[in-house]
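Chemist: The structure is given below, and queries will be raised subsequently.
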Amino acid sequence: MAPVNITSIKTASSGLWQGDNPLHFAFPLLIIQTTLIIVVSRFLAFLLKPLHQPKVIAEIAGGILLGPSAFGRNKYYLHRIFPSWSAPILETVASIGLLFFLFLVGIELDLSSVRRRSGRSAFGIALAGISLPFLCGIGVAVVLRRTIDGSDKAGFSQFVVFMGVSLSITAFPVLARILAELKLLTTRVGEIAMAAAALNDVAAWILLALAVALAGDGDGGHKKSPLVSIWVRLSGVAFVAFMMVVIRPAMNWVARLSSPEQDAIDEAYICLTLAGVMVSGFITDLIGIHSIFGAFVFGLTIPKGGQFAERLIERIEDFVSGLLLPLYFASSGLKTDVAKIHGGGAWGLLVLVISIACAGKILGTFAVAMLFMIPATESLTLGVLMNTKGLVELIVLNIGKEKKVLNDETFAILVLMALFTTFITSPLVMAIYKPARGISVRTHRKLRDLSTTVSFKDELRVLACVHGPANVPSLISLIESIRSAKKAQLKLFLMHLVELTERSSSIIMVQRARKNGFPFFNRFGRGAWSDGVVSAFQSYSQLGRVSVRPTTAISPMSTMYEDVCHTAEDQMVAMIILPFHKHWRRDGDNHEVTEIVSQAWRGVNQRVLQTAPCSVAVLVDRGFGNTGTQRICIVFFGGPDDREALELGGRMAEHPTVKVTVVKFVEKEGLESNGLMLKPSPSESTENSYSFSTAKMDRKKEKELDEDAVAEFRSKWDGKVECVEKVANNIVEGVLAMGSSGDHDLLIVGKGRFPSRMVAELADRHAEHAELGPIGDILASSGHDVVSSVLVIQQHDVAHSVEAPVLKVVHGDYERFVADESSSTVLEISKESV
């Protein structure tokens, strides 16, 4: 293909109908390139998510995949989609994103916090994490210059500095996300790693400025006066001093004008700040240092933790991190041609570089950490964490390639080294370091404890979880219904569940909302009420009826349940309330419309139900609001879960505006004579089959407990609560009739893990929501015209903690299975036991 004169390239085409090919014009081609990069990188990120990989890995790998290493081997595709003339345009747009991302990194990096937390250990670890790999880089540089053709064209000092910097860098932004993903960000290991990485980052910028000054104007660093490098360094020091002495106080003044007491932040301050990012980048480029250094330093001048910083992050992070920054990582991948690494010797060099890079970081950090009396496991974990590469690494390599210090083969080797060292970080840390943050099992609580244990008699402690504002009205109504008329009878711990994302604000929120790896409740900070989700509870708590303490749990969905269960254990709550993963609303024609918040939330609920240290209630909301008198019905079949539902109903009966009804289902005469047995069936799907407790229980005693609980409830609330008995002709029809009648605002049912015979009859139904148990699933399933909200309760009991899907055996098969002593029985029901 003939070379293209870049000056002849036009921005936009006249359209296909006028004979123009959009791929021959700058802007349409940029759109295609951007779309392709985003789609491929997001797809790879989805594939790598189970491996806990940071998004940067997917973005670099996406660029390599789209570039000459893979798809680019097809020259027609490469010249059409990524022609050489389009590279400066793509990199220019990507550099704008890079500029603003480094500004975000500067905002995220709190130097005063680093000084408070670092101490001698973090400083020593950072020093070892830079010096030893840098020395190793000198040795690698010597080997590469002697082995790779053309690598000796650059000056020796320039090549050594670039190699040393590339091996000694720790990626602060990527490390923060890995630590947050693994719930280590606010542990001792995480804080030391973050402080050391921040110090490493600052040193890396200084070394990068030195490398750029030495590299010169693209001639490999040859034929340049030493005075030029000195002037560049002095000008850089003067720039940093000016920013810290003059600009930082000015930004503090701007932040004070944007305090929460002001009605709104003046848009002029936002615009001037964004312009300041560009100007700072231009000044450092003018000096001879890369423009991103100026954006990073300007970010350091922004006051941390205020509304102004939050507003800046909100304005730019999604667009920059989600759209523009992937272009930069992908452009690095596009310039990486793995084919340049040819021959066994070259691949041997790649292994050598990776080995030396890992050994220098890990061993250096490990040795120094041990000197500071940090345990061996934590020291090794710190070494692996400090080995994380990322953005600054790629910036160094790109500048080295641009300045002709690194040739194509060296560049490819170092990019693959950065990819590999970052890729192994999360798996290695998960394998090495397992902090004792599992769910404690020292105490277990249920609502029944409040009636029998003196220490809990005067206070009900509830942990309520919310996903967003849609959960708030129904939750307030539910809490109000169980609030006793007695003062200070209920303490509510409110937890806003937030999925951890790649956003900078997520990392900042994690640092504020977690302590020692777990969510914590700030008793004194005003910031606890700043979240819009809990603002409604502020007014509710100010009425003096309920003590409310809010917190935020920011975690990956896969480990969110650990936060919920640990907080329940730590705060000694008797019940956890979880929102269901579906919402129902009525459209204009009064038809029921189902809205699924996210299937991932269903997984969170399932894990909490399995591991909670207390009773759990799942609220299936169909518009349970505070509309005067609340009509609540407890559906009672028998068993521990139903008795817990009855216990909750007793608390509700104390409330003057709550009308409680108890409907007890009883066996149809003669039905109990049929033999029935539930047996474990491992082949059954846990998603589509109900699971029941595998515990051996005395059914006669269980029936006595059921009768005693109902009798006690009747005698205590006689005249205030309506108790009726209903013959179970058809349980499904009977329960659905109650849910669709509109006579009850809320139906409270037990999950039925150790079911009565009536509930056991439903064991072979196809389950839509197996985690709710048979009765809860019937009421929560779509298409049944149920209008009442549903609260499904699981009583905490260690004996019921092991569950399994079952096979129902009835009538003639019953005697055969009972006679078989080798059969492990989950539940046996016969005439004698009933």
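FYI, nothing fancy with the structure tokens labels: chains A, B, ... in order, residues from 1 per chain, ligands from 1 as they appear.
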Please identify all polymer residues within 8 Å of range 241-245 of chain A, counting only C-alpha atoms, omitting same-chain residues fewer than 5 positions from it, and present them as a PyMOL selection string.
Modeler: chain A and resi 297-298+301
Chemist: To one decimal in Å, tell me the separation between CA of Ser168 in chain A and CA of Ile192 in chain A.
Modeler: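 Distance between the two atoms: 17.4 Å.
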Chemist: Using only C-alpha atoms, which protein or nucleic acid residues come within 7 Å of Glu771 in chain A? Drop anything in the same chain fewer than 2 positions from it, and give the result as JSON, numbers by chain.
Modeler: {"A": [606, 769, 773]}
Chemist: Output as number ranges by chain all residues of range 22-150 of chain A that backbone DSSP marks as alpha helix (DSSP H).
Modeler: A: 26-48, 55-66, 75-81, 87-108, 111-147
Chemist: Could you check how far CA of Asn387 in chain A sits from CA of Ala295 in chain A, in Å to one decimal?
Modeler: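 According to the coordinates, CA of Asn387 in chain A and CA of Ala295 in chain A are separated by 25.0 Å.
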Chemist: Give me the range 331-357 of chain A side of the contact with range 144-149 of chain A, cut-off 9 Å, one line per residue showing its nearest atom pair and distance in Å at one decimal, counting only C-alpha atoms, sorted by chain and residue number, as JSON lines.
Modeler:
```
{"residue": "A:Gly345", "atom": "CA", "partner": "A:Thr147", "partner_atom": "CA", "distance": 8.5}
{"residue": "A:Ala346", "atom": "CA", "partner": "A:Ile148", "partner_atom": "CA", "distance": 7.8}
{"residue": "A:Leu349", "atom": "CA", "partner": "A:Leu144", "partner_atom": "CA", "distance": 7.7}
```
